[in-house]
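Asks: This is protein_25.txt (compact mmCIF, C-alpha atoms (C1' of nucleotides)).
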```txt
# COMPACT_ATOMS: atom_id res chain seq x y z
CA MET M 26 102.80 355.22 -13.12
CA ARG M 27 105.45 357.70 -12.17
CA GLN M 28 105.62 361.15 -13.66
CA PRO M 29 108.51 363.17 -15.15
CA ARG M 30 110.23 364.30 -11.99
CA ASP M 31 113.72 365.50 -12.71
CA LEU M 32 116.45 363.03 -13.28
CA ASN M 33 118.90 362.28 -10.56
CA ALA M 34 122.54 361.84 -11.45
CA THR M 35 122.47 358.07 -11.27
CA SER M 36 119.58 357.73 -13.70
CA ALA M 37 121.19 360.29 -15.94
CA ALA M 38 124.39 358.28 -15.95
CA VAL M 39 122.48 355.22 -17.15
CA LEU M 40 120.92 357.22 -19.96
CA GLY M 41 124.32 358.62 -20.80
CA LEU M 42 125.78 355.16 -21.11
CA LEU M 43 122.96 354.15 -23.42
CA HIS M 44 123.84 357.11 -25.59
CA ARG M 45 126.76 355.45 -27.24
CA ILE M 46 125.21 352.00 -27.36
CA ASP M 47 122.23 351.19 -29.52
CA SER M 48 120.76 348.78 -27.09
CA ALA M 49 122.09 347.19 -23.95
CA THR M 50 121.04 344.92 -21.13
CA ALA M 51 121.39 345.76 -17.47
CA GLY M 52 124.46 343.59 -17.17
CA GLU M 53 126.16 345.21 -20.13
CA LEU M 54 125.39 348.65 -18.77
CA ALA M 55 126.83 347.65 -15.42
CA ARG M 56 130.07 346.66 -17.10
CA GLU M 57 130.15 349.91 -19.05
CA ALA M 58 129.53 351.89 -15.90
CA GLU M 59 132.29 350.09 -14.08
CA GLU M 60 134.76 350.81 -16.82
CA GLN M 61 133.76 354.30 -17.79
CA ILE M 62 132.42 356.20 -14.84
CA SER M 63 133.19 354.25 -11.69
CA PRO M 64 136.14 356.48 -10.77
CA PHE M 65 133.88 359.46 -10.27
CA TRP M 66 130.38 358.05 -9.96
CA GLY M 67 129.92 354.64 -8.42
CA ILE M 68 126.84 352.67 -9.40
CA THR M 69 126.06 349.13 -8.37
CA ARG M 70 124.57 346.49 -10.61
CA SER M 71 121.52 346.35 -8.43
CA GLN M 72 120.80 350.00 -8.93
CA ILE M 73 120.88 349.58 -12.67
CA PHE M 74 118.58 346.57 -12.55
CA ARG M 75 116.13 348.49 -10.43
CA GLU M 76 116.35 351.76 -12.31
CA LEU M 77 115.87 350.52 -15.86
CA PRO M 78 112.22 349.44 -15.47
CA VAL M 79 111.48 352.77 -13.81
CA LEU M 80 113.05 354.66 -16.68
CA ALA M 81 111.03 352.52 -19.06
CA GLN M 82 107.84 353.42 -17.20
CA ARG M 83 108.70 357.06 -17.66
CA GLY M 84 109.29 356.54 -21.34
CA LEU M 85 112.94 357.46 -21.18
CA VAL M 86 114.08 354.07 -22.38
CA GLY M 87 112.35 351.39 -24.41
CA SER M 88 112.64 347.72 -23.64
CA GLY M 89 113.01 345.03 -26.27
CA ARG M 90 112.13 341.38 -26.01
CA ARG M 91 113.98 339.13 -23.62
CA GLY M 92 117.11 337.63 -25.10
CA ALA M 93 119.65 335.11 -23.90
CA ARG M 94 119.25 334.14 -20.25
CA GLY M 95 116.12 336.19 -20.03
CA SER M 96 117.98 339.47 -20.15
CA VAL M 97 116.07 342.48 -21.40
CA PRO M 98 117.71 344.92 -23.83
CA TYR M 99 116.97 348.61 -23.33
CA SER M 100 117.50 351.52 -25.66
CA LEU M 101 117.30 355.28 -25.38
CA THR M 102 114.07 356.90 -26.60
CA PRO M 103 113.91 360.43 -28.03
CA THR M 104 112.30 361.52 -24.78
CA GLY M 105 115.13 359.94 -22.85
CA ARG M 106 117.68 361.60 -25.04
CA GLN M 107 116.11 364.96 -24.36
CA ALA M 108 115.86 364.40 -20.62
CA PHE M 109 119.52 363.44 -20.56
CA GLY M 110 120.46 366.58 -22.46
CA GLU M 111 118.51 368.72 -20.04
CA TRP M 112 120.18 367.12 -17.07
CA LEU M 113 123.60 367.50 -18.65
CA THR M 114 123.26 371.21 -19.24
CA GLY M 115 121.11 371.86 -16.20
CA PRO M 116 122.08 373.64 -12.98
CA PRO M 117 124.67 372.10 -10.67
CA PHE M 118 122.97 370.00 -8.06
CA PRO M 119 124.37 370.79 -4.62
CA GLN M 120 125.62 367.52 -3.25
CA GLN M 121 126.24 366.58 0.32
CA PRO M 122 129.94 366.59 1.10
CA ARG M 123 131.27 363.29 2.42
CA ASN M 124 134.93 363.23 3.29
CA GLU M 125 135.81 360.69 5.90
CA LEU M 126 139.41 361.80 6.17
CA LEU M 127 138.35 365.32 7.09
CA LEU M 128 135.78 363.98 9.52
CA ARG M 129 138.48 362.06 11.33
CA VAL M 130 141.06 364.81 11.29
CA GLY M 131 138.41 367.20 12.56
CA PHE M 132 138.16 364.97 15.63
CA GLY M 133 141.93 364.87 15.93
CA ARG M 134 141.91 366.37 19.42
CA TYR M 135 140.61 363.09 20.75
CA ILE M 136 143.64 361.02 19.86
CA ASN M 137 147.31 361.33 20.65
CA GLY M 138 150.13 362.21 18.31
CA GLU M 139 151.12 358.67 17.48
CA GLU M 140 147.61 357.61 16.66
CA LEU M 141 147.17 360.65 14.48
CA THR M 142 150.38 359.91 12.62
CA SER M 143 149.33 356.32 12.09
CA LEU M 144 145.94 357.42 10.87
CA LEU M 145 147.45 359.84 8.40
CA ASP M 146 149.95 357.27 7.19
CA LYS M 147 147.20 354.84 6.35
CA HIS M 148 145.19 357.41 4.46
CA ARG M 149 148.27 358.71 2.76
CA ALA M 150 149.11 355.27 1.45
CA ALA M 151 145.61 354.82 0.03
CA HIS M 152 145.77 358.16 -1.74
CA ALA M 153 149.26 357.52 -3.04
CA GLU M 154 148.09 354.26 -4.53
CA ARG M 155 145.19 355.92 -6.25
CA LEU M 156 147.44 358.63 -7.58
CA ALA M 157 149.65 355.97 -9.13
CA GLN M 158 146.62 354.36 -10.74
CA TYR M 159 145.41 357.65 -12.17
CA GLU M 160 148.85 358.48 -13.48
CA SER M 161 149.32 355.21 -15.27
CA ALA M 162 145.77 355.32 -16.62
CA LEU M 163 146.37 358.83 -17.87
CA GLU M 164 149.51 357.81 -19.68
CA GLN M 165 147.73 354.90 -21.29
CA MET M 166 144.77 357.01 -22.34
CA ARG M 167 147.03 359.59 -23.93
CA ALA M 168 149.00 356.96 -25.76
CA GLN M 169 145.81 355.43 -27.10
CA GLY M 170 144.45 358.81 -28.11
CA LEU M 171 141.29 358.24 -26.13
CA GLU M 172 138.60 360.87 -26.27
CA PRO M 173 139.60 364.05 -24.44
CA TYR M 174 136.52 364.09 -22.19
CA ARG M 175 137.63 360.85 -20.61
CA ILE M 176 141.20 362.04 -20.32
CA VAL M 177 140.41 365.25 -18.48
CA THR M 178 138.46 363.41 -15.79
CA CYS M 179 141.55 361.33 -15.23
CA GLU M 180 143.64 364.47 -15.11
CA TYR M 181 141.29 365.70 -12.41
CA GLY M 182 141.96 362.54 -10.45
CA VAL M 183 145.70 363.10 -10.64
CA ARG M 184 145.40 366.67 -9.46
CA TYR M 185 143.00 365.76 -6.70
CA GLU M 186 145.19 363.04 -5.26
CA ARG M 187 148.24 365.26 -5.44
CA MET M 188 146.38 367.98 -3.59
CA VAL M 189 145.36 365.58 -0.84
CA LEU M 190 148.86 364.18 -0.49
CA ALA M 191 150.33 367.66 -0.24
CA TRP M 192 147.78 368.58 2.40
CA ILE M 193 148.57 365.50 4.44
CA ASP M 194 152.26 366.22 4.17
CA ASP M 195 151.72 369.80 5.27
CA LEU M 196 149.57 368.85 8.23
CA PRO M 197 152.35 368.65 10.81
CA SER M 198 153.34 372.22 10.15
CA LEU M 199 149.74 373.39 9.76
CA LEU M 200 148.81 371.86 13.09
CA VAL M 201 151.41 373.68 15.13
CA PRO M 202 150.02 377.19 15.49
CA ALA M 203 152.73 379.60 14.40
CA MET V 4 118.38 344.07 19.87
CA ARG V 5 121.14 344.93 17.49
CA GLN V 6 124.69 343.77 17.98
CA PRO V 7 128.07 345.55 17.83
CA ARG V 8 128.53 345.77 14.11
CA ASP V 9 131.14 348.32 13.21
CA LEU V 10 130.29 351.96 13.33
CA ASN V 11 129.60 353.79 10.14
CA ALA V 12 130.92 357.29 9.74
CA THR V 13 127.62 358.99 10.45
CA SER V 14 127.13 357.22 13.77
CA ALA V 15 130.73 357.88 14.62
CA ALA V 16 130.22 361.55 13.93
CA VAL V 17 127.34 361.65 16.40
CA LEU V 18 129.48 360.00 19.05
CA GLY V 19 132.26 362.42 18.27
CA LEU V 20 129.98 365.37 18.82
CA LEU V 21 128.90 363.95 22.16
CA HIS V 22 132.54 363.78 23.14
CA ARG V 23 132.83 367.42 23.95
CA ILE V 24 129.35 367.77 25.38
CA ASP V 25 128.32 366.10 28.60
CA SER V 26 124.82 365.44 27.47
CA ALA V 27 122.82 366.62 24.52
CA THR V 28 119.46 366.19 22.87
CA ALA V 29 118.99 365.28 19.24
CA GLY V 30 118.20 368.86 18.34
CA GLU V 31 121.29 370.18 20.04
CA LEU V 32 123.44 367.60 18.30
CA ALA V 33 121.92 368.56 14.98
CA ARG V 34 122.89 372.16 15.55
CA GLU V 35 126.41 371.13 16.54
CA ALA V 36 126.71 368.93 13.47
CA GLU V 37 125.58 371.73 11.24
CA GLU V 38 128.11 374.11 12.63
CA GLN V 39 131.06 371.82 13.10
CA ILE V 40 131.09 369.12 10.49
CA SER V 41 128.58 370.00 7.79
CA PRO V 42 131.26 371.26 5.39
CA PHE V 43 132.75 367.79 5.07
CA TRP V 44 130.11 365.42 6.41
CA GLY V 45 126.47 366.32 5.93
CA ILE V 46 123.99 364.85 8.40
CA THR V 47 120.32 365.64 8.57
CA ARG V 48 118.30 366.11 11.73
CA SER V 49 116.25 363.10 10.88
CA GLN V 50 119.26 360.86 10.77
CA ILE V 51 120.30 361.96 14.23
CA PHE V 52 116.84 361.40 15.62
CA ARG V 53 116.78 357.95 14.16
CA GLU V 54 120.32 356.99 15.04
CA LEU V 55 120.37 357.95 18.71
CA PRO V 56 117.93 355.29 19.93
CA VAL V 57 119.87 352.70 17.95
CA LEU V 58 123.13 353.78 19.53
CA ALA V 59 121.41 353.62 22.91
CA GLN V 60 120.29 350.06 22.17
CA ARG V 61 123.87 349.17 21.43
CA GLY V 62 125.00 350.73 24.67
CA LEU V 63 127.11 353.37 23.00
CA VAL V 64 125.10 356.20 24.44
CA GLY V 65 122.91 356.46 27.49
CA SER V 66 119.60 358.28 27.53
CA GLY V 67 118.41 360.46 30.38
CA ARG V 68 114.86 361.34 31.30
CA ARG V 69 112.78 363.44 28.97
CA GLY V 70 113.21 367.15 29.51
CA ALA V 71 111.59 370.23 28.07
CA ARG V 72 109.30 369.53 25.13
CA GLY V 73 109.79 365.84 25.60
CA SER V 74 113.31 365.93 24.31
CA VAL V 75 115.63 363.17 25.45
CA PRO V 76 119.20 363.93 26.49
CA TYR V 77 121.88 361.46 25.48
CA SER V 78 125.40 361.05 26.75
CA LEU V 79 128.41 359.03 25.72
CA THR V 80 129.03 355.80 27.62
CA PRO V 81 132.50 354.33 28.16
CA THR V 82 131.62 351.71 25.55
CA GLY V 83 130.65 354.45 23.15
CA ARG V 84 133.83 356.32 23.82
CA GLN V 85 135.84 353.23 23.02
CA ALA V 86 133.90 352.46 19.85
CA PHE V 87 134.45 355.99 18.69
CA GLY V 88 138.17 355.74 19.36
CA GLU V 89 138.37 352.52 17.41
CA TRP V 90 136.56 354.03 14.48
CA LEU V 91 138.75 357.12 14.57
CA THR V 92 142.01 355.20 14.40
CA GLY V 93 140.63 352.38 12.28
CA PRO V 94 141.34 351.65 8.63
CA PRO V 95 140.19 354.08 5.94
CA PHE V 96 136.81 353.03 4.68
CA PRO V 97 136.79 353.10 0.87
CA GLN V 98 133.97 355.41 -0.07
CA GLN V 99 132.10 355.57 -3.31
CA PRO V 100 133.23 358.55 -5.37
CA ARG V 101 130.45 360.94 -6.32
CA ASN V 102 131.47 363.88 -8.42
CA GLU V 103 128.68 365.25 -10.52
CA LEU V 104 130.90 367.72 -12.33
CA LEU V 105 133.16 364.94 -13.57
CA LEU V 106 130.16 362.85 -14.52
CA ARG V 107 128.90 365.64 -16.73
CA VAL V 108 132.23 366.54 -18.24
CA GLY V 109 132.79 362.86 -18.97
CA PHE V 110 129.68 363.03 -21.13
CA GLY V 111 130.91 366.21 -22.77
CA ARG V 112 130.93 364.69 -26.24
CA TYR V 113 127.15 364.84 -26.25
CA ILE V 114 126.87 368.62 -26.07
CA ASN V 115 128.24 371.40 -28.20
CA GLY V 116 130.91 373.91 -27.29
CA GLU V 117 128.56 376.64 -26.11
CA GLU V 118 126.63 374.33 -23.86
CA LEU V 119 129.84 373.00 -22.41
CA THR V 120 131.10 376.50 -21.72
CA SER V 121 127.85 377.45 -20.06
CA LEU V 122 127.94 374.30 -17.96
CA LEU V 123 131.48 374.99 -16.82
CA ASP V 124 130.67 378.61 -16.06
CA LYS V 125 127.87 377.61 -13.75
CA HIS V 126 129.98 375.10 -11.89
CA ARG V 127 132.88 377.49 -11.76
CA ALA V 128 130.74 380.13 -10.12
CA ALA V 129 129.54 377.68 -7.48
CA HIS V 130 133.10 376.62 -6.66
CA ALA V 131 134.35 380.19 -6.62
CA GLU V 132 131.67 381.07 -4.11
CA ARG V 133 132.60 378.19 -1.87
CA LEU V 134 136.24 379.14 -2.09
CA ALA V 135 135.40 382.62 -0.90
CA GLN V 136 133.45 381.15 2.01
CA TYR V 137 136.32 378.90 3.01
CA GLU V 138 138.80 381.72 2.76
CA SER V 139 136.85 384.07 4.94
CA ALA V 140 136.08 381.31 7.42
CA LEU V 141 139.75 380.42 7.56
CA GLU V 142 140.73 383.98 8.29
CA GLN V 143 138.17 384.21 11.04
CA MET V 144 139.21 380.93 12.60
CA ARG V 145 142.84 381.97 12.63
CA ALA V 146 142.01 385.31 14.15
CA GLN V 147 139.98 383.62 16.87
CA GLY V 148 142.72 381.10 17.51
CA LEU V 149 140.31 378.23 17.01
CA GLU V 150 141.59 374.72 17.53
CA PRO V 151 144.00 373.65 14.80
CA TYR V 152 142.05 370.51 13.86
CA ARG V 153 139.14 372.64 12.76
CA ILE V 154 141.40 375.05 10.93
CA VAL V 155 143.16 372.44 8.84
CA THR V 156 139.88 371.06 7.51
CA CYS V 157 139.08 374.54 6.35
CA GLU V 158 142.51 374.81 4.79
CA TYR V 159 141.68 371.61 2.92
CA GLY V 160 138.54 373.24 1.60
CA VAL V 161 140.50 376.20 0.30
CA ARG V 162 142.99 373.98 -1.46
CA TYR V 163 140.33 371.74 -2.87
CA GLU V 164 138.31 374.59 -4.37
CA ARG V 165 141.43 376.17 -5.80
CA MET V 166 142.36 372.88 -7.42
CA VAL V 167 138.92 372.54 -8.99
CA LEU V 168 138.94 376.11 -10.26
CA ALA V 169 142.37 375.66 -11.81
CA TRP V 170 141.22 372.46 -13.48
CA ILE V 171 138.16 374.12 -14.91
CA ASP V 172 140.28 376.99 -16.17
CA ASP V 173 142.71 374.60 -17.77
CA LEU V 174 140.00 372.55 -19.46
CA PRO V 175 139.96 374.43 -22.77
CA SER V 176 143.63 373.71 -23.32
CA LEU V 177 143.38 370.19 -21.92
CA LEU V 178 140.53 369.37 -24.24
CA VAL V 179 142.35 370.24 -27.45
CA PRO V 180 144.69 367.33 -28.03
CA ALA V 181 148.14 368.74 -28.61
C1' DT K 21 94.47 385.80 23.33
C1' DG K 22 95.14 384.66 18.76
C1' DG K 23 98.38 383.54 15.63
C1' DT K 24 102.99 383.20 13.77
C1' DA K 25 107.23 381.25 14.10
C1' DC K 26 110.00 377.69 15.70
C1' DA K 27 111.49 373.14 17.67
C1' DT K 28 110.77 368.22 18.39
C1' DG K 29 109.77 364.10 16.68
C1' DT K 30 107.80 360.72 13.06
C1' DA K 31 106.83 358.66 8.82
C1' DA K 32 107.11 358.05 3.99
C1' DC K 33 109.98 357.92 0.45
C1' DA K 34 114.39 357.69 -2.44
C1' DT K 35 118.75 355.90 -2.96
C1' DG K 36 122.64 352.81 -2.08
C1' DT K 37 124.49 348.16 -0.45
C1' DT K 38 124.64 343.35 0.51
C1' DA K 39 123.25 338.78 0.21
C1' DC K 40 120.95 335.43 -2.06
C1' DA K 41 118.24 332.31 -5.63
C1' DT K 42 118.39 330.69 -10.17
C1' DG K 43 119.84 329.20 -14.48
C1' DA K 44 123.79 328.98 -18.12
C1' DT K 45 128.59 328.06 -19.26
C1' DT K 46 132.63 325.85 -18.93
C1' DA K 47 136.54 323.02 -17.13
C1' DG K 48 137.83 318.57 -15.72
C1' DC C 7 128.50 314.18 -16.93
C1' DT C 8 129.44 316.74 -12.93
C1' DA C 9 131.52 320.45 -10.48
C1' DA C 10 132.68 324.83 -10.18
C1' DT C 11 132.09 329.26 -11.94
C1' DC C 12 129.76 333.01 -13.66
C1' DA C 13 125.86 336.08 -15.06
C1' DT C 14 121.13 337.57 -14.35
C1' DG C 15 117.84 339.05 -11.55
C1' DT C 16 115.51 339.79 -6.81
C1' DA C 17 114.93 340.92 -2.17
C1' DA C 18 116.24 342.55 2.26
C1' DC C 19 118.48 345.84 4.46
C1' DA C 20 121.02 350.35 5.52
C1' DT C 21 121.33 355.02 4.80
C1' DG C 22 119.87 359.58 3.32
C1' DT C 23 116.01 363.03 2.21
C1' DT C 24 111.60 365.24 2.37
C1' DA C 25 107.32 366.25 4.16
C1' DC C 26 104.43 366.39 7.81
C1' DA C 27 102.08 366.30 12.69
C1' DT C 28 102.43 368.14 17.13
C1' DG C 29 103.38 371.05 20.71
C1' DT C 30 105.77 375.35 22.70
C1' DA C 31 107.32 380.03 22.86
C1' DC C 32 106.96 384.53 21.45
C1' DC C 33 104.72 388.60 19.99
C1' DA C 34 101.13 391.71 18.47
```
Please go through the file and, once you have read it, give me the structure as structure tokens.

Replies:
Amino acid sequence: MRQPRDLNATSAAVLGLLHRIDSATAGELAREAEEQISPFWGITRSQIFRELPVLAQRGLVGSGRRGARGSVPYSLTPTGRQAFGEWLTGPPFPQQPRNELLLRVGFGRYINGEELTSLLDKHRAAHAERLAQYESALEQMRAQGLEPYRIVTCEYGVRYERMVLAWIDDLPSLLVPA
Amino acid sequence: MRQPRDLNATSAAVLGLLHRIDSATAGELAREAEEQISPFWGITRSQIFRELPVLAQRGLVGSGRRGARGSVPYSLTPTGRQAFGEWLTGPPFPQQPRNELLLRVGFGRYINGEELTSLLDKHRAAHAERLAQYESALEQMRAQGLEPYRIVTCEYGVRYERMVLAWIDDLPSLLVPA
DNA sequence: TGGTACATGTAACATGTTACATGATTAG
DNA sequence: CTAATCATGTAACATGTTACATGTACCA
């Protein structure tokens, strides 16, 4: 019997997904998560399967009776709704930075110019591809008149990828001390 | 006896830190990590303590005899140096995105305007503070003529924080559909 | 010399990832 | 009807975080 520690972001995300759905099974939530929040908060199916019973224990979600294929439907309780609201408006949680590109570039002194160029090219290509995805998604979302809160996260993605690309492109000149 | 699976970024970072030091204990490496790479790749002391024996098992580092306070010094082996080089020039590893600000904003429909404003204010303040830190660090590094690879990661930080601040500032207008 | 602060190292826990076992659905 | 495929759920593992036990140095 676990007690009302604070929510972590992953649990909160699950509650948030349940917000717009009356009742959903783990599998359905996993699909929702993939579609709606995977670009900025990755969650695996396994996490959702593990987390839901815990949230139920804490009274944040209620579980219904097993349905097709033994899947259990969960729904948000008033307590869960409140906990989600508190998380949403709560203080920013300082998260550990994890940027593999910077980690590598920071060790740039240990490779030669060609290797560095090749490294940057590969990362540049990955970022360029993601930028293209964000841009086309953004266009689609706007055309469909999707809700603005979804659109602005996509806009963030576009700006982020552009920033990274510009930084990569500027690196040669930034690396030669004036 | 564990076999030569690929390096993950955290192990690679440890090897990278050993690159410029002949031999170091876990504690010393932790201090180095904090100073050199914590802004873009957080590692805890505990991880380093746990990882070093594993790396030794795999032959990537060698361990010396226990010194003061029972601390063990480790040094990079030729194998370790090679593994690090391969990681450094290897393919970009797709990492799970984790952006709590976007996660919250994506759920923005569930809070009212005031709460959203307050939420954004708090995050804005945190980012503004980090921007200031990056800017002053950058100035210092340039003045000291620090190695360019360190400087450009700091430059990235400045650009990143500016991008986020601009996005936050643009949100009000982005959120009202034209 | 007592005790406070600090450093090393460990262990317990929380979270994230991968691989698998099982049963249902569907294509041929 | 049988095979392949797919979805649910579990379990093992990898990684990251927090709290603690122990010993050492420093200082009053």

Asks: Using all atoms listed in the file, select each residue of chain V with any atom at most 6 Å away from an atom of chain M, and give the selection as a ChimeraX atom specification.

Replies: /V:43-45,91-92,99-102,105,107,109,122,151-153,156,178

Asks: Please work out which residues fall within 9 Å of (113.5, 343.8, -10.5), coordinates as given in the file, with all atoms listed in the file counting, and return them as a PDB file with C-alpha atoms (C1' of nucleotides), keeping the file's coordinate frame.

Replies:
```pdb
ATOM      1  CA  SER M  71     121.520 346.350  -8.430  1.00  0.00           C
ATOM      2  CA  PHE M  74     118.580 346.570 -12.550  1.00  0.00           C
ATOM      3  CA  ARG M  75     116.130 348.490 -10.430  1.00  0.00           C
ATOM      4  CA  GLU M  76     116.350 351.760 -12.310  1.00  0.00           C
ATOM      5  CA  LEU M  77     115.870 350.520 -15.860  1.00  0.00           C
ATOM      6  CA  PRO M  78     112.220 349.440 -15.470  1.00  0.00           C
TER       7      PRO M  78
ATOM      8  C1'  DG C  15     117.840 339.050 -11.550  1.00  0.00           C
ATOM      9  C1'  DT C  16     115.510 339.790  -6.810  1.00  0.00           C
ATOM     10  C1'  DA C  17     114.930 340.920  -2.170  1.00  0.00           C
TER      11       DA C  17
END
```

Asks: Enumerate as number ranges by chain the residues belonging to chain K that approach chain M to within 10 Å, with all atoms listed in the file taken into account.

Replies: K: 35-38, 43-44

Asks: Select all residues from chain C having any atom no more than 8 Å from an atom of chain V (counting all atoms listed in the file, ignoring ligands), output as number ranges by chain.

Replies: C: 22, 29-30

Asks: Could you please determine the separation between CA of Gly65 (chain V) and C1' of DT24 (chain C) in Å, to one decimal place?

Replies: 28.9 Å

Asks: Provide the C1' of DA31 (chain C) to C1' of DT21 (chain K) distance in Å, to one decimal place.

Replies: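 C1' of DA31 (chain C) sits 14.1 Å away from C1' of DT21 (chain K).
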